[in-house]
Each structure stands twice: as C-alpha cells, then as structure tokens.
$ cat data15.cif   # mmCIF, C-alpha atoms
data_target
#
loop_
_atom_site.group_PDB
_atom_site.id
_atom_site.type_symbol
_atom_site.label_atom_id
_atom_site.label_comp_id
_atom_site.auth_asym_id
_atom_site.auth_seq_id
_atom_site.Cartn_x
_atom_site.Cartn_y
_atom_site.Cartn_z
ATOM 1 C CA MET A 1 -13.324 1.688 -10.269
ATOM 2 C CA PRO A 2 -9.623 1.130 -11.017
ATOM 3 C CA GLU A 3 -7.533 -0.287 -8.183
ATOM 4 C CA PHE A 4 -4.075 -1.591 -7.370
ATOM 5 C CA SER A 5 -3.001 -3.803 -4.455
ATOM 6 C CA LEU A 6 0.124 -4.788 -2.547
ATOM 7 C CA THR A 7 0.059 -8.201 -0.891
ATOM 8 C CA SER A 8 2.582 -9.363 1.716
ATOM 9 C CA ASN A 9 5.037 -12.102 0.869
ATOM 10 C CA SER A 10 3.136 -14.440 3.235
ATOM 11 C CA GLY A 11 -0.118 -13.679 1.423
ATOM 12 C CA ARG A 12 -1.852 -12.833 4.717
ATOM 13 C CA GLU A 13 -1.866 -9.015 4.435
ATOM 14 C CA GLN A 14 -3.063 -6.845 1.600
ATOM 15 C CA THR A 15 -3.557 -3.131 0.984
ATOM 16 C CA THR A 16 -5.766 -2.038 -1.913
ATOM 17 C CA PHE A 17 -5.924 1.496 -3.283
ATOM 18 C CA ARG A 18 -9.071 2.295 -5.293
ATOM 19 C CA LEU A 19 -9.622 5.412 -7.376
ATOM 20 C CA ASP A 20 -13.125 6.573 -6.510
ATOM 21 C CA ASP A 21 -13.201 9.905 -8.249
ATOM 22 C CA CYS A 22 -10.858 9.967 -11.190
ATOM 23 C CA ASP A 23 -11.728 12.228 -14.041
ATOM 24 C CA LEU A 24 -8.967 11.400 -16.486
ATOM 25 C CA ASP A 25 -8.863 15.020 -17.656
ATOM 26 C CA ARG A 26 -8.289 16.497 -14.179
ATOM 27 C CA PRO A 27 -4.930 16.355 -12.361
ATOM 28 C CA SER A 28 -6.436 15.273 -9.029
ATOM 29 C CA CYS A 29 -8.301 12.169 -7.933
ATOM 30 C CA THR A 30 -9.670 10.586 -4.781
ATOM 31 C CA LEU A 31 -8.529 7.278 -3.274
ATOM 32 C CA SER A 32 -10.092 4.780 -0.924
ATOM 33 C CA VAL A 33 -7.669 2.526 0.926
ATOM 34 C CA HIS A 34 -8.607 -0.908 2.242
ATOM 35 C CA SER A 35 -6.160 -3.001 4.249
ATOM 36 C CA SER A 36 -6.774 -6.411 5.728
ATOM 37 C CA ALA A 37 -4.858 -9.146 7.469
ATOM 38 C CA GLN A 38 -5.466 -12.758 8.339
ATOM 39 C CA PHE A 39 -3.753 -14.804 11.012
ATOM 40 C CA TRP A 40 -3.959 -18.242 12.581
ATOM 41 C CA ASP A 41 -7.106 -18.796 14.619
ATOM 42 C CA ALA A 42 -6.041 -18.385 18.259
ATOM 43 C CA ARG A 43 -9.076 -20.365 19.451
ATOM 44 C CA ALA A 44 -8.188 -23.543 17.558
ATOM 45 C CA ASP A 45 -5.826 -26.313 18.539
ATOM 46 C CA ILE A 46 -2.341 -25.860 17.147
ATOM 47 C CA GLY A 47 -2.725 -28.567 14.487
ATOM 48 C CA GLY A 48 -6.177 -27.467 13.333
ATOM 49 C CA ALA A 49 -5.755 -23.727 13.215
ATOM 50 C CA GLY A 50 -6.729 -22.044 9.970
ATOM 51 C CA LEU A 51 -6.464 -18.446 8.871
ATOM 52 C CA VAL A 52 -9.164 -16.060 10.077
ATOM 53 C CA PRO A 53 -9.667 -12.309 9.600
ATOM 54 C CA GLU A 54 -7.563 -10.368 12.092
ATOM 55 C CA ARG A 55 -7.699 -6.749 10.963
ATOM 56 C CA THR A 56 -9.586 -4.651 8.455
ATOM 57 C CA VAL A 57 -8.988 -0.926 8.042
ATOM 58 C CA GLU A 58 -10.705 1.250 5.465
ATOM 59 C CA PHE A 59 -10.657 4.960 4.805
ATOM 60 C CA HIS A 60 -12.043 7.096 2.015
ATOM 61 C CA GLN A 61 -11.789 10.518 0.407
ATOM 62 C CA VAL A 62 -8.013 10.672 0.312
ATOM 63 C CA GLY A 63 -7.110 13.410 -2.150
ATOM 64 C CA THR A 64 -4.135 12.669 -4.382
ATOM 65 C CA ASP A 65 -3.126 13.370 -7.959
ATOM 66 C CA TRP A 66 -1.884 11.554 -11.017
ATOM 67 C CA GLN A 67 1.609 12.992 -10.610
ATOM 68 C CA ARG A 68 2.004 11.497 -7.118
ATOM 69 C CA LEU A 69 0.727 8.124 -8.343
ATOM 70 C CA GLY A 70 3.180 8.265 -11.253
ATOM 71 C CA GLY A 71 5.972 9.122 -8.815
ATOM 72 C CA LEU A 72 5.076 6.108 -6.683
ATOM 73 C CA ASN A 73 5.224 3.856 -9.720
ATOM 74 C CA ALA A 74 8.584 5.307 -10.769
ATOM 75 C CA SER A 75 9.919 4.603 -7.259
ATOM 76 C CA LEU A 76 8.566 1.040 -7.378
ATOM 77 C CA ARG A 77 10.248 0.458 -10.752
ATOM 78 C CA GLU A 78 13.518 1.874 -9.436
ATOM 79 C CA TRP A 79 13.286 -0.429 -6.396
ATOM 80 C CA LEU A 80 12.888 -3.398 -8.756
ATOM 81 C CA ARG A 81 16.182 -2.386 -10.427
ATOM 82 C CA SER A 82 18.243 -1.358 -7.406
ATOM 83 C CA ALA A 83 16.421 -2.364 -4.163
ATOM 84 C CA MET A 84 16.968 1.188 -2.880
ATOM 85 C CA PRO A 85 14.575 2.104 -0.063
ATOM 86 C CA PHE A 86 12.140 4.927 -0.751
ATOM 87 C CA GLY A 87 9.201 6.852 0.600
ATOM 88 C CA ALA A 88 6.358 8.428 -1.346
ATOM 89 C CA VAL A 89 3.729 10.923 -0.238
ATOM 90 C CA LEU A 90 0.389 10.216 -1.888
ATOM 91 C CA ALA A 91 -1.599 12.872 -0.028
ATOM 92 C CA ASN A 92 -0.534 15.924 1.932
ATOM 93 C CA ASN A 93 -3.301 18.469 2.229
ATOM 94 C CA ASP A 94 -5.422 20.197 4.860
ATOM 95 C CA ARG A 95 -7.620 17.144 5.255
ATOM 96 C CA SER A 96 -5.227 14.191 5.297
ATOM 97 C CA LYS A 97 -1.741 12.835 4.799
ATOM 98 C CA LEU A 98 -0.926 9.459 3.279
ATOM 99 C CA GLY A 99 2.580 8.121 2.890
ATOM 100 C CA VAL A 100 4.146 4.807 1.957
ATOM 101 C CA GLN A 101 7.673 3.496 2.389
ATOM 102 C CA ILE A 102 9.543 0.416 1.260
ATOM 103 C CA GLY A 103 12.847 -0.515 2.878
ATOM 104 C CA VAL A 104 14.617 -2.607 5.496
ATOM 105 C CA SER A 105 13.437 -2.273 9.086
ATOM 106 C CA ALA A 106 15.611 -3.142 12.077
ATOM 107 C CA ASP A 107 12.672 -4.326 14.192
ATOM 108 C CA LEU A 108 11.136 -6.717 11.636
ATOM 109 C CA ILE A 109 12.771 -9.663 9.931
ATOM 110 C CA SER A 110 13.526 -8.024 6.609
ATOM 111 C CA SER A 111 16.336 -7.595 4.111
ATOM 112 C CA ALA A 112 17.099 -5.718 0.913
ATOM 113 C CA ASP A 113 15.268 -8.380 -1.104
ATOM 114 C CA LYS A 114 12.436 -8.748 1.446
ATOM 115 C CA PRO A 115 11.755 -5.174 2.549
ATOM 116 C CA VAL A 116 9.008 -3.798 4.745
ATOM 117 C CA PHE A 117 6.055 -1.935 3.244
ATOM 118 C CA SER A 118 4.847 0.799 5.630
ATOM 119 C CA LEU A 119 1.735 2.901 5.268
ATOM 120 C CA THR A 120 0.901 5.912 7.445
ATOM 121 C CA TYR A 121 -2.379 7.804 7.275
ATOM 122 C CA GLU A 122 -3.165 10.954 9.262
ATOM 123 C CA VAL A 123 -6.306 13.049 9.562
ATOM 124 C CA GLY A 124 -5.573 16.354 11.262
ATOM 125 C CA THR A 125 -3.965 15.927 14.657
ATOM 126 C CA MET A 126 -6.542 13.466 15.985
ATOM 127 C CA VAL A 127 -6.066 10.293 13.932
ATOM 128 C CA ARG A 128 -2.870 8.500 12.946
ATOM 129 C CA LEU A 129 -2.901 4.981 11.560
ATOM 130 C CA SER A 130 0.180 3.048 10.616
ATOM 131 C CA TRP A 131 0.862 -0.528 9.633
ATOM 132 C CA ARG A 132 3.527 -2.504 7.859
ATOM 133 C CA TYR A 133 4.364 -5.918 6.559
ATOM 134 C CA VAL A 134 7.118 -7.719 4.663
ATOM 135 C CA VAL A 135 6.965 -7.887 0.868
ATOM 136 C CA ASP A 136 9.304 -9.175 -1.821
ATOM 137 C CA GLN A 137 10.190 -8.562 -5.452
ATOM 138 C CA SER A 138 7.179 -10.416 -6.826
ATOM 139 C CA CYS A 139 4.745 -8.507 -4.563
ATOM 140 C CA ILE A 140 6.248 -5.175 -5.608
ATOM 141 C CA ARG A 141 6.251 -6.139 -9.298
ATOM 142 C CA VAL A 142 2.539 -7.045 -9.248
ATOM 143 C CA PHE A 143 1.750 -3.820 -7.350
ATOM 144 C CA SER A 144 3.712 -1.752 -9.870
ATOM 145 C CA ASP A 145 2.136 -3.531 -12.837
ATOM 146 C CA GLU A 146 -1.371 -2.920 -11.474
ATOM 147 C CA LEU A 147 -0.571 0.732 -10.770
ATOM 148 C CA GLY A 148 0.915 1.048 -14.263
ATOM 149 C CA THR A 149 -2.328 -0.267 -15.743
ATOM 150 C CA VAL A 150 -4.297 2.352 -13.792
ATOM 151 C CA LEU A 151 -1.909 5.101 -14.918
ATOM 152 C CA SER A 152 -2.201 3.989 -18.550
ATOM 153 C CA LEU A 153 -5.898 4.895 -18.473
ATOM 154 C CA ARG A 154 -4.860 8.541 -18.450
ATOM 155 C CA ARG A 155 -2.424 8.411 -21.378
#
$ encode --input "data15.cif" --output "structure tokens"
Amino acid sequence: MPEFSLTSNSGREQTTFRLDDCDLDRPSCTLSVHSSAQFWDARADIGGAGLVPERTVEFHQVGTDWQRLGGLNASLREWLRSAMPFGAVLANNDRSKLGVQIGVSADLISSADKPVFSLTYEVGTMVRLSWRYVVDQSCIRVFSDELGTVLSLRR
C-alpha cells in the first residue's frame, strides 16, 4: 500500500500515513497512521545509553479524500517556499477527526526554519490523541515528495 512519512529532525520520531483503501477512481480513501519514537535508554549508564523504543501509536480506518491529501501537499510546498505556518484537516467526519499543523511553538525549542509538526486525532468525544515533534526543511521536503508520489498514482 502507498505510504508517506514525516521524520523528526533528530531522526528519533516518525509518523507514517498509509493508504489502506484507495480506489484511484473514487474520491475517498482510508488511512492508517503509525507513529513511533525512540529515546535514550533510561536504564543504562549515561555513557552507554542507546536508543530504545519509547512510544508507538497506531490507528486505522481514518476516512479522508484525495482532495484533502492534495491540499496538505500544497501547504507543504508553500511552507518550503515561505515557511508560513499552516494547519490541514485530513479527516472530519462522524467517526473521526485528524488534523496536522506545522509552525513555531512557544513551549518547544523551535523556529521558522525548525518548526513543530503536530498531529491530533479524535474519535467521538471519548478519545483524543496528540503529539508533536520538531522537523526541518529536509524532513518536510521528503514528506512532501513522498506524498506527491502517492498523489501521482491518481493522475
């Protein structure tokens, strides 16, 4: 299945979006989202600590459409030109909401050229997941290129 990923500028966090149900002739499709993070092993001595899995989050059956994915890619391309912060809604239906943002955050070390990627996922009123990490131009360019490749399958 086609997928596109955004990795943090440290290389320790990554969010992957996979199209699970994508009939190229239909306007809608279904995403799975997988996010993971690694961090230094807290059990090891300072000098010998290596990276270990810290968090893995996965959710499925997120309804979106090709137009929203194209809008996200247009916003990513605009960010690469102007570094203007943006938000994009990838799903907003009775079942779930999925939104992403890229921009500076006052409570994380970030800047216009090293913005924060934020993802928020909601299912009804019972579940709300949110995480974020710092990215940079190269992370966003790879993400946009991968998404562009997925979008080109439909052309």
$ closest_atom_pairs --input "data15.cif" --of "segment 37-153 of chain A" --to "segment 21-27 of chain A" --cutoff "9 Å" --atoms "all atoms listed in the file" --output "Markdown table"
| residue | atom | partner | partner_atom | distance |
| --- | --- | --- | --- | --- |
| A:Gln61 | CA | A:Asp21 | CA | 8.8 |
| A:Thr64 | CA | A:Pro27 | CA | 8.8 |
| A:Asp65 | CA | A:Pro27 | CA | 5.6 |
| A:Trp66 | CA | A:Pro27 | CA | 5.8 |
| A:Gln67 | CA | A:Pro27 | CA | 7.6 |
| A:Leu153 | CA | A:Leu24 | CA | 7.5 |
$ residues_around --input "data15.cif" --residues "Gly87 of chain A" --least-positions-apart "6" --cutoff "7 Å" --atoms "only C-alpha atoms" --output "short mmCIF file (atom, residue, chain, number, x, y, z; two decimals) with C-alpha atoms, keeping the file's coordinate frame"
data_model
loop_
_atom_site.label_atom_id
_atom_site.label_comp_id
_atom_site.auth_asym_id
_atom_site.auth_seq_id
_atom_site.Cartn_x
_atom_site.Cartn_y
_atom_site.Cartn_z
CA VAL A 100 4.15 4.81 1.96
CA GLN A 101 7.67 3.50 2.39
CA ILE A 102 9.54 0.42 1.26
#
$ closest_residue --input "data15.cif" --among "A:Ser111, A:Ser82, A:Asn73, A:Thr16" --to "Glu3 of chain A" --atoms "all atoms listed in the file"
A:Thr16
$ closest_atom_pairs --input "data15.cif" --of "segment 21-80 of chain A" --to "segment 113-117 of chain A" --cutoff "12 Å" --atoms "all atoms listed in the file" --output "Markdown table"
| residue | atom | partner | partner_atom | distance |
| --- | --- | --- | --- | --- |
| A:Leu76 | CA | A:Phe117 | CA | 11.3 |
| A:Trp79 | CA | A:Asp113 | CA | 9.8 |
| A:Leu80 | CA | A:Asp113 | CA | 9.4 |
$ closest_residue --input "data15.cif" --among "A:Phe39, A:Phe17, A:Phe86, A:Tyr133" --to "Arg55 of chain A" --atoms "only C-alpha atoms"
A:Phe39
$ resolve_selection --input "data15.cif" --expression "the PyMOL selection byres ((chain A and resi 57) around 9)" --output "PyMOL selection string"
chain A and resi 33-36+55-56+58-59
$ residues_near_point --input "data15.cif" --point "(9.1, -10.9, -1.2)" --cutoff "9 Å" --atoms "all atoms listed in the file" --output "ChimeraX atom specification"
/A:8-10,113-115,134-140
$ closest_residue --input "data15.cif" --among "A:Val150, A:Leu31, A:Leu98, A:Ala112" --to "Arg81 of chain A" --atoms "all atoms listed in the file"
A:Ala112
$ atom_distance --input "data15.cif" --atom1 "atom CA of Ser96 of chain A" --atom2 "atom CA of Ser5 of chain A"
20.6 Å
$ atom_distance --input "data15.cif" --atom1 "atom CA of Ser110 of chain A" --atom2 "atom CA of Thr15 of chain A"
18.6 Å
$ atom_distance --input "data15.cif" --atom1 "atom CA of Gly71 of chain A" --atom2 "atom CA of Phe143 of chain A"
13.7 Å
$ closest_residue --input "data15.cif" --among "A:Leu119, A:Ala106, A:Val62, A:Leu51" --to "Ala88 of chain A" --atoms "all atoms listed in the file"
A:Leu119
$ resolve_selection --input "data15.cif" --expression "the PyMOL selection byres ((chain A and resi 120) around 10)" --output "list in words"
Val89, Lys97, Leu98, Gly99, Val100, Gln101, Ser118, Leu119, Tyr121, Glu122, Arg128, Leu129, Ser130, Trp131 and Arg132 of chain A
$ axis_aligned_box --input "data15.cif" --around "segment 87-94 of chain A" --padding-each-side "6 Å" --output "AutoDock Vina command-line options"
--center_x 1.9 --center_y 13.5 --center_z 1.5 --size_x 26.6 --size_y 25.3 --size_z 18.7
$ closest_residue --input "data15.cif" --among "A:Leu69, A:Val52, A:Val142, A:Ala37" --to "Ala91 of chain A" --atoms "only C-alpha atoms"
A:Leu69
$ decode --input "data15.cif" --residues "segment 50-86 of chain A" --atoms "C-alpha atoms" --output "PDB file, in the first residue's frame"
ATOM      1  CA  GLY A  50      21.494   3.662  23.258  1.00  0.00           C
ATOM      2  CA  LEU A  51      18.171   4.442  21.654  1.00  0.00           C
ATOM      3  CA  VAL A  52      15.237   2.206  22.567  1.00  0.00           C
ATOM      4  CA  PRO A  53      11.555   2.279  21.572  1.00  0.00           C
ATOM      5  CA  GLU A  54       9.659   4.770  23.718  1.00  0.00           C
ATOM      6  CA  ARG A  55       6.254   5.155  22.090  1.00  0.00           C
ATOM      7  CA  THR A  56       4.241   3.513  19.350  1.00  0.00           C
ATOM      8  CA  VAL A  57       0.754   4.671  18.400  1.00  0.00           C
ATOM      9  CA  GLU A  58      -1.299   3.207  15.578  1.00  0.00           C
ATOM     10  CA  PHE A  59      -4.826   3.808  14.397  1.00  0.00           C
ATOM     11  CA  HIS A  60      -6.756   2.654  11.362  1.00  0.00           C
ATOM     12  CA  GLN A  61      -9.840   3.373   9.279  1.00  0.00           C
ATOM     13  CA  VAL A  62      -9.366   7.118   9.082  1.00  0.00           C
ATOM     14  CA  GLY A  63     -11.560   8.331   6.237  1.00  0.00           C
ATOM     15  CA  THR A  64     -10.048  11.052   4.070  1.00  0.00           C
ATOM     16  CA  ASP A  65     -10.081  12.001   0.409  1.00  0.00           C
ATOM     17  CA  TRP A  66      -7.687  12.806  -2.386  1.00  0.00           C
ATOM     18  CA  GLN A  67      -8.582  16.496  -2.262  1.00  0.00           C
ATOM     19  CA  ARG A  68      -7.534  16.803   1.397  1.00  0.00           C
ATOM     20  CA  LEU A  69      -4.278  14.960   0.692  1.00  0.00           C
ATOM     21  CA  GLY A  70      -3.621  17.274  -2.260  1.00  0.00           C
ATOM     22  CA  GLY A  71      -4.340  20.270  -0.030  1.00  0.00           C
ATOM     23  CA  LEU A  72      -1.831  19.006   2.527  1.00  0.00           C
ATOM     24  CA  ASN A  73       0.809  18.664  -0.161  1.00  0.00           C
ATOM     25  CA  ALA A  74       0.079  22.161  -1.478  1.00  0.00           C
ATOM     26  CA  SER A  75       0.503  23.522   2.067  1.00  0.00           C
ATOM     27  CA  LEU A  76       3.783  21.621   2.484  1.00  0.00           C
ATOM     28  CA  ARG A  77       5.085  23.041  -0.808  1.00  0.00           C
ATOM     29  CA  GLU A  78       4.050  26.548   0.223  1.00  0.00           C
ATOM     30  CA  TRP A  79       5.848  26.090   3.564  1.00  0.00           C
ATOM     31  CA  LEU A  80       9.008  25.127   1.658  1.00  0.00           C
ATOM     32  CA  ARG A  81       8.780  28.462  -0.210  1.00  0.00           C
ATOM     33  CA  SER A  82       7.697  30.789   2.590  1.00  0.00           C
ATOM     34  CA  ALA A  83       7.941  28.976   5.981  1.00  0.00           C
ATOM     35  CA  MET A  84       4.383  30.131   6.735  1.00  0.00           C
ATOM     36  CA  PRO A  85       2.715  28.039   9.444  1.00  0.00           C
ATOM     37  CA  PHE A  86      -0.344  26.050   8.414  1.00  0.00           C
TER      38      PHE A  86
END
